[in-house]
file run39.txt (compact mmCIF, C-alpha atoms)
# COMPACT_ATOMS: atom_id res chain seq x y z
CA MET A 1 -67.81 -189.59 106.80
CA ASP A 2 -64.28 -188.81 107.95
CA PHE A 3 -61.00 -189.19 106.14
CA ARG A 4 -59.84 -192.18 108.18
CA GLN A 5 -62.94 -194.12 107.18
CA LEU A 6 -62.54 -193.18 103.52
CA ARG A 7 -58.86 -194.11 103.51
CA THR A 8 -59.67 -197.47 105.09
CA PHE A 9 -62.44 -198.06 102.57
CA SER A 10 -60.15 -197.11 99.64
CA CYS A 11 -57.36 -199.42 100.84
CA VAL A 12 -59.68 -202.40 101.39
CA ALA A 13 -61.29 -201.80 97.99
CA GLU A 14 -57.88 -201.70 96.27
CA LEU A 15 -56.50 -204.81 97.99
CA GLY A 16 -59.75 -206.76 98.25
CA SER A 17 -58.87 -208.02 101.71
CA LEU A 18 -59.10 -206.79 105.31
CA SER A 19 -55.93 -208.67 106.26
CA LYS A 20 -53.89 -207.10 103.43
CA ALA A 21 -55.28 -203.64 104.27
CA SER A 22 -54.38 -204.27 107.92
CA ASP A 23 -50.76 -204.97 106.94
CA THR A 24 -50.61 -201.94 104.65
CA LEU A 25 -52.20 -199.46 107.08
CA ARG A 26 -50.68 -201.10 110.17
CA VAL A 27 -54.05 -201.13 111.90
CA ALA A 28 -55.67 -204.17 113.51
CA GLN A 29 -58.36 -205.91 111.46
CA PRO A 30 -61.15 -205.39 114.03
CA ALA A 31 -60.51 -201.63 113.95
CA LEU A 32 -60.64 -201.59 110.14
CA SER A 33 -63.82 -203.65 110.13
CA ARG A 34 -65.40 -201.24 112.62
CA GLN A 35 -64.54 -198.24 110.42
CA ILE A 36 -66.11 -199.94 107.39
CA LYS A 37 -69.27 -200.70 109.39
CA LEU A 38 -69.48 -197.10 110.62
CA LEU A 39 -69.16 -195.86 107.04
CA GLU A 40 -71.87 -198.28 105.84
CA HIS A 41 -74.12 -197.13 108.70
CA GLU A 42 -73.51 -193.50 107.76
CA LEU A 43 -74.34 -194.11 104.09
CA ARG A 44 -77.13 -196.62 104.84
CA ALA A 45 -75.70 -198.94 102.21
CA GLU A 46 -73.59 -202.08 102.11
CA LEU A 47 -70.23 -201.31 100.51
CA PHE A 48 -68.73 -204.81 100.38
CA THR A 49 -69.88 -208.38 100.14
CA ARG A 50 -67.75 -210.76 102.16
CA ASN A 51 -66.90 -214.17 100.71
CA GLY A 52 -64.12 -216.74 100.77
CA ARG A 53 -62.06 -214.71 98.29
CA GLY A 54 -62.14 -211.53 100.37
CA MET A 55 -63.99 -208.21 100.16
CA VAL A 56 -65.86 -207.48 96.92
CA LEU A 57 -67.33 -204.05 96.19
CA THR A 58 -71.10 -203.71 95.81
CA ASP A 59 -72.63 -201.23 93.34
CA ALA A 60 -72.74 -198.65 96.14
CA GLY A 61 -69.11 -199.40 96.97
CA ARG A 62 -68.01 -198.94 93.34
CA LEU A 63 -69.84 -195.59 93.23
CA LEU A 64 -68.19 -194.42 96.45
CA LEU A 65 -64.74 -195.50 95.20
CA ALA A 66 -65.19 -193.67 91.89
CA ARG A 67 -66.19 -190.45 93.70
CA THR A 68 -63.63 -190.51 96.52
CA ALA A 69 -60.47 -192.24 95.23
CA GLY A 70 -59.07 -188.98 93.85
CA ILE A 71 -59.86 -187.11 97.08
CA VAL A 72 -58.06 -189.68 99.22
CA ARG A 73 -55.03 -189.62 96.87
CA GLN A 74 -54.82 -185.82 97.01
CA ILE A 75 -55.01 -185.65 100.80
CA ASP A 76 -52.29 -188.31 101.08
CA GLN A 77 -50.14 -186.28 98.69
CA ILE A 78 -50.68 -183.07 100.69
CA ARG A 79 -49.36 -184.92 103.74
CA ASP A 80 -46.39 -186.25 101.74
CA ASP A 81 -45.53 -182.77 100.42
CA ILE A 82 -45.65 -181.20 103.88
CA GLN A 83 -43.41 -183.94 105.27
CA SER A 84 -41.05 -183.64 102.27
CA SER A 85 -40.69 -179.87 102.68
CA GLY A 86 -38.37 -180.37 105.64
CA GLY A 87 -36.46 -183.36 104.34
CA PRO A 88 -35.97 -185.85 101.48
CA PRO A 89 -38.94 -186.20 99.08
CA SER A 90 -41.38 -188.97 99.90
CA GLY A 91 -44.78 -190.27 98.84
CA ARG A 92 -46.46 -192.77 96.55
CA VAL A 93 -46.72 -192.26 92.79
CA VAL A 94 -49.00 -194.41 90.64
CA LEU A 95 -47.70 -194.42 87.05
CA GLY A 96 -49.51 -196.01 84.12
CA LEU A 97 -47.62 -197.28 81.08
CA VAL A 98 -48.90 -198.75 77.83
CA PRO A 99 -47.34 -202.23 77.31
CA THR A 100 -45.08 -201.28 74.39
CA VAL A 101 -43.57 -198.49 76.50
CA SER A 102 -43.47 -200.50 79.73
CA CYS A 103 -41.26 -203.24 78.27
CA VAL A 104 -38.68 -200.63 77.25
CA ILE A 105 -38.61 -198.28 80.22
CA SER A 106 -40.29 -199.64 83.37
CA ALA A 107 -37.28 -201.42 84.93
CA ARG A 108 -34.89 -198.58 84.06
CA LEU A 109 -37.23 -195.94 85.50
CA ALA A 110 -37.82 -197.97 88.68
CA ARG A 111 -34.07 -198.32 89.21
CA ARG A 112 -33.47 -194.61 88.63
CA THR A 113 -36.28 -193.69 91.06
CA VAL A 114 -34.96 -195.98 93.81
CA GLU A 115 -31.42 -194.65 93.38
CA SER A 116 -32.41 -190.97 93.19
CA TYR A 117 -35.32 -190.82 95.65
CA PRO A 118 -35.47 -193.81 98.03
CA GLY A 119 -38.32 -192.16 99.94
CA ILE A 120 -40.64 -192.29 96.91
CA SER A 121 -42.75 -195.43 96.43
CA LEU A 122 -43.40 -196.05 92.73
CA CYS A 123 -46.35 -198.19 91.62
CA ILE A 124 -46.27 -199.05 87.89
CA VAL A 125 -49.52 -200.17 86.26
CA GLU A 126 -49.39 -201.62 82.73
CA SER A 127 -52.48 -201.39 80.51
CA TYR A 128 -53.77 -199.99 77.23
CA SER A 129 -54.41 -196.26 76.81
CA GLY A 130 -58.20 -196.52 77.17
CA HIS A 131 -57.97 -198.06 80.64
CA LEU A 132 -55.21 -195.67 81.76
CA ILE A 133 -57.25 -192.63 80.69
CA GLU A 134 -60.25 -193.89 82.66
CA TRP A 135 -58.14 -194.37 85.82
CA LEU A 136 -56.64 -190.90 85.40
CA HIS A 137 -60.12 -189.38 85.25
CA ARG A 138 -61.15 -191.27 88.38
CA GLY A 139 -58.12 -189.99 90.26
CA GLN A 140 -56.82 -193.50 90.87
CA MET A 141 -53.63 -192.79 88.91
CA ASP A 142 -51.25 -189.83 89.10
CA LEU A 143 -49.77 -189.85 85.60
CA ALA A 144 -49.50 -192.13 82.59
CA VAL A 145 -47.59 -192.48 79.35
CA ILE A 146 -50.23 -192.99 76.67
CA TYR A 147 -50.62 -192.84 72.93
CA GLY A 148 -52.51 -189.93 71.37
CA PRO A 149 -53.99 -188.05 69.75
CA SER A 150 -54.16 -186.03 72.95
CA ALA A 151 -56.94 -183.64 71.88
CA ASP A 152 -60.26 -183.87 73.75
CA LEU A 153 -58.86 -186.12 76.49
CA HIS A 154 -59.65 -183.51 79.20
CA LEU A 155 -56.25 -184.24 80.73
CA THR A 156 -53.07 -182.25 81.22
CA VAL A 157 -50.63 -183.56 78.60
CA GLN A 158 -46.92 -183.15 77.90
CA HIS A 159 -45.63 -184.18 74.47
CA LEU A 160 -42.89 -186.84 74.53
CA GLY A 161 -42.48 -187.56 70.83
CA ARG A 162 -43.75 -189.83 68.08
CA ASP A 163 -43.29 -193.58 68.08
CA LYS A 164 -42.61 -195.36 64.78
CA ILE A 165 -44.73 -198.37 63.75
CA VAL A 166 -43.30 -201.28 61.73
CA ALA A 167 -44.65 -204.46 60.12
CA VAL A 168 -44.07 -207.54 62.30
CA GLY A 169 -44.20 -211.14 61.10
CA PRO A 170 -43.08 -214.66 62.14
CA ARG A 171 -39.70 -216.24 61.40
CA GLY A 172 -39.33 -217.09 57.71
CA CYS A 173 -42.03 -214.67 56.50
CA GLY A 174 -39.52 -212.66 54.44
CA LEU A 175 -39.94 -209.25 56.06
CA THR A 176 -36.25 -209.02 56.98
CA ARG A 177 -35.32 -209.65 53.34
CA LYS A 178 -37.83 -207.10 52.06
CA LYS A 179 -36.66 -204.44 54.58
CA GLN A 180 -39.59 -202.20 53.62
CA VAL A 181 -43.22 -202.88 52.68
CA ASP A 182 -46.09 -200.81 51.38
CA ILE A 183 -48.92 -200.14 53.82
CA GLY A 184 -51.43 -201.32 51.20
CA TRP A 185 -49.68 -204.72 50.92
CA LEU A 186 -49.53 -205.10 54.69
CA LEU A 187 -53.21 -204.31 55.20
CA ARG A 188 -54.16 -207.02 52.69
CA GLN A 189 -52.48 -209.68 54.83
CA ARG A 190 -54.08 -211.59 57.69
CA LEU A 191 -53.55 -209.48 60.81
CA VAL A 192 -53.63 -209.98 64.57
CA LEU A 193 -54.71 -206.77 66.28
CA PRO A 194 -56.02 -205.36 69.56
CA SER A 195 -59.80 -205.01 69.88
CA HIS A 196 -61.73 -201.96 68.68
CA SER A 197 -61.41 -200.11 71.99
CA HIS A 198 -57.69 -199.49 71.55
CA GLY A 199 -55.92 -196.66 69.76
CA LEU A 200 -53.62 -198.85 67.65
CA ARG A 201 -56.63 -200.61 66.14
CA THR A 202 -58.19 -197.23 65.32
CA LEU A 203 -54.98 -196.07 63.64
CA ILE A 204 -54.81 -199.19 61.47
CA GLU A 205 -58.49 -199.04 60.55
CA GLN A 206 -58.10 -195.42 59.49
CA ALA A 207 -55.20 -196.41 57.22
CA ALA A 208 -57.31 -199.22 55.74
CA ALA A 209 -60.25 -196.85 55.14
CA LYS A 210 -57.99 -194.50 53.16
CA LYS A 211 -56.98 -197.45 50.95
CA LYS A 212 -60.61 -198.68 50.81
CA LEU A 213 -59.51 -202.05 52.17
CA LYS A 214 -61.30 -204.49 54.47
CA LEU A 215 -59.06 -205.86 57.21
CA ASP A 216 -58.63 -209.62 57.58
CA VAL A 217 -58.57 -210.02 61.39
CA GLN A 218 -59.23 -213.55 62.59
CA VAL A 219 -57.78 -213.24 66.11
CA GLU A 220 -57.77 -210.21 68.44
CA ALA A 221 -55.70 -209.83 71.60
CA ASP A 222 -55.73 -207.08 74.21
CA SER A 223 -52.42 -208.26 75.64
CA PHE A 224 -49.17 -207.17 74.05
CA ARG A 225 -47.43 -210.45 74.95
CA VAL A 226 -50.30 -212.52 73.57
CA LEU A 227 -50.23 -210.44 70.39
CA THR A 228 -46.55 -211.14 69.77
CA SER A 229 -47.06 -214.84 70.58
CA LEU A 230 -49.81 -215.04 67.96
CA VAL A 231 -47.45 -213.54 65.38
CA GLU A 232 -44.73 -216.04 66.35
CA GLU A 233 -47.24 -218.85 65.79
CA GLY A 234 -47.83 -217.59 62.24
CA LEU A 235 -51.43 -216.54 62.82
CA GLY A 236 -50.94 -213.15 61.18
CA TYR A 237 -48.92 -209.96 60.91
CA ALA A 238 -48.99 -207.12 63.43
CA LEU A 239 -48.09 -203.44 63.47
CA LEU A 240 -46.01 -202.48 66.51
CA PRO A 241 -43.15 -200.18 67.56
CA PRO A 242 -39.77 -201.91 67.01
CA SER A 243 -38.43 -200.77 70.41
CA SER A 244 -40.80 -203.20 72.13
CA LEU A 245 -39.56 -206.21 70.11
CA ARG A 246 -35.78 -206.08 70.47
CA ALA A 247 -35.42 -209.41 72.28
CA GLU A 248 -37.70 -211.28 69.86
CA ILE A 249 -35.92 -209.79 66.82
CA ALA A 250 -32.47 -210.58 68.24
CA ASP A 251 -33.51 -214.19 68.89
CA GLY A 252 -34.84 -214.53 65.34
CA ARG A 253 -38.37 -215.26 66.59
CA LEU A 254 -39.87 -212.29 64.74
CA GLU A 255 -39.07 -210.37 61.57
CA VAL A 256 -39.78 -206.70 60.96
CA ALA A 257 -39.79 -204.29 58.03
CA THR A 258 -40.30 -200.57 57.92
CA ILE A 259 -43.44 -199.23 56.25
CA ALA A 260 -42.98 -197.00 53.20
CA LYS A 261 -43.96 -193.36 53.58
CA PRO A 262 -46.38 -192.14 54.66
CA SER A 263 -45.66 -194.59 57.49
CA PRO A 264 -47.95 -194.64 60.53
CA MET A 265 -46.70 -193.05 63.74
CA ARG A 266 -48.25 -192.56 67.15
CA GLU A 267 -48.09 -189.48 69.36
CA LEU A 268 -46.69 -190.31 72.79
CA THR A 269 -47.63 -188.14 75.77
CA ILE A 270 -47.40 -187.92 79.55
CA ALA A 271 -50.93 -187.36 80.85
CA SER A 272 -52.22 -186.37 84.29
CA PRO A 273 -55.60 -185.24 85.67
CA ILE A 274 -56.44 -181.57 85.02
CA GLU A 275 -57.73 -180.94 88.54
CA HIS A 276 -54.76 -182.75 90.10
CA PRO A 277 -52.13 -180.18 91.24
CA GLY A 278 -49.42 -182.86 91.39
CA SER A 279 -47.25 -183.57 94.41
CA THR A 280 -43.51 -183.05 94.70
CA ALA A 281 -43.03 -186.81 94.23
CA ILE A 282 -45.10 -186.76 91.01
CA THR A 283 -43.09 -183.83 89.64
CA LEU A 284 -39.80 -185.59 90.39
CA VAL A 285 -40.92 -188.91 88.83
CA THR A 286 -42.14 -187.04 85.73
CA ASP A 287 -38.71 -185.43 85.38
CA LEU A 288 -36.99 -188.82 85.77
CA LEU A 289 -39.35 -190.30 83.18
CA ARG A 290 -38.41 -187.66 80.62
CA LYS A 291 -34.71 -188.20 81.30
CA GLU A 292 -35.06 -191.96 80.90
CA VAL A 293 -36.93 -191.62 77.60
CA ASP A 294 -34.19 -189.30 76.32
CA ALA A 295 -31.49 -191.74 77.51
CA CYS A 296 -33.17 -194.65 75.70
CA ARG A 297 -33.36 -192.57 72.53
CA LYS A 298 -29.68 -191.57 72.68
CA GLU A 299 -28.61 -195.18 73.36
CA GLY A 300 -30.55 -196.34 70.29
CA LEU A 301 -32.97 -198.41 72.36
CA TRP A 302 -36.02 -196.37 71.36
CA ASP A 303 -36.63 -194.94 67.91
CA ILE A 304 -38.79 -192.09 69.16
CA GLN A 305 -38.86 -188.84 67.20
CA VAL A 306 -38.91 -185.68 69.31
CA GLY A 307 -40.08 -182.23 68.29
call {"tool": "encode", "arguments": {"input": "run39.txt", "output": "structure tokens"}}
result
Amino acid sequence: MDFRQLRTFSCVAELGSLSKASDTLRVAQPALSRQIKLLEHELRAELFTRNGRGMVLTDAGRLLLARTAGIVRQIDQIRDDIQSSGGPPSGRVVLGLVPTVSCVISARLARRTVESYPGISLCIVESYSGHLIEWLHRGQMDLAVIYGPSADLHLTVQHLGRDKIVAVGPRGCGLTRKKQVDIGWLLRQRLVLPSHSHGLRTLIEQAAAKKKLKLDVQVEADSFRVLTSLVEEGLGYALLPPSSLRAEIADGRLEVATIAKPSPMRELTIASPIEHPGSTAITLVTDLLRKEVDACRKEGLWDIQVG
């Protein structure tokens, strides 16, 4: 195996298409196909199945991607750092954001990155913490903003602050009038929540266990936008950070109320792989990310508690 073959394999696996990989790598399709065949011959295994939808990884291909994606990323970043040492910073940074953070900060951070470092290519991936942590461990992602607790993650973490959680209900539910509700009252209502694999669900279930309550969850959704739509339709209450709901609250589509102390909060961290030294581009994007979070807090767009 050589690096060119591995980079070709990684690009085809990510894009699922020889033609798209050809455009990205600026290499003719026959040459890419030949590199894939040489790699398959070397490993004595088929790495892709070819069908009308493109290139689909086999079990052997998924294993190879899991073991080599981080290596390919690090070599690319070494090249970017060497090239950046004599000129403007460059390189690709893959940043993961949980949905409730992404809707507040992604566009602002992208704009700041383009304006400050036009040579840096920023790829933003939105998903829940569990998926982002898995991609960080695989080396397919450089850094991510995730919810804690951060202990036992086997990742390098930087504390950002704590995000407040509020009760969220549909128009006319009375939360705005109440202004504040007790956590025990809220947990007795019908709820719409993420599935059990997500940290917010764990936090809510722990609160219910302390009150010795059984949650009434009829509908689950692992999409933040679907979750808020379900609340708008009156299918239940949710617990979410208010910063992610500003548009819906302003339009009168949702009502919110704070939760009486002790109110639930979530630890927010920047996480990156332990074995990943981090390129110049990653360091610069991390610094911009911290500045943007602080700017949102000072402008009153994000009720995040630091310290």
call {"tool": "atom_distance", "arguments": {"input": "run39.txt", "atom1": "CA of Arg73 in chain A", "atom2": "CA of Pro99 in chain A"}}
result
24.5 Å
call {"tool": "closest_residue", "arguments": {"input": "run39.txt", "among": "A:Arg246, A:Asp163, A:Ser279, A:Asp222", "to": "Ser263 in chain A", "atoms": "all atoms listed in the file"}}
result
A:Asp163
call {"tool": "atom_distance", "arguments": {"input": "run39.txt", "atom1": "CA of Leu240 in chain A", "atom2": "CA of Met265 in chain A"}}
result
9.9 Å
call {"tool": "closest_residue", "arguments": {"input": "run39.txt", "among": "A:His159, A:Glu233, A:Gln189, A:Gly184", "to": "Lys210 in chain A", "atoms": "all atoms listed in the file"}}
result
A:Gly184
call {"tool": "atom_distance", "arguments": {"input": "run39.txt", "atom1": "CA of Gln180 in chain A", "atom2": "CA of Val168 in chain A"}}
result
11.1 Å
call {"tool": "closest_residue", "arguments": {"input": "run39.txt", "among": "A:Thr258, A:Thr113, A:Asn51, A:Ser19", "to": "Val181 in chain A", "atoms": "all atoms listed in the file"}}
result
A:Thr258
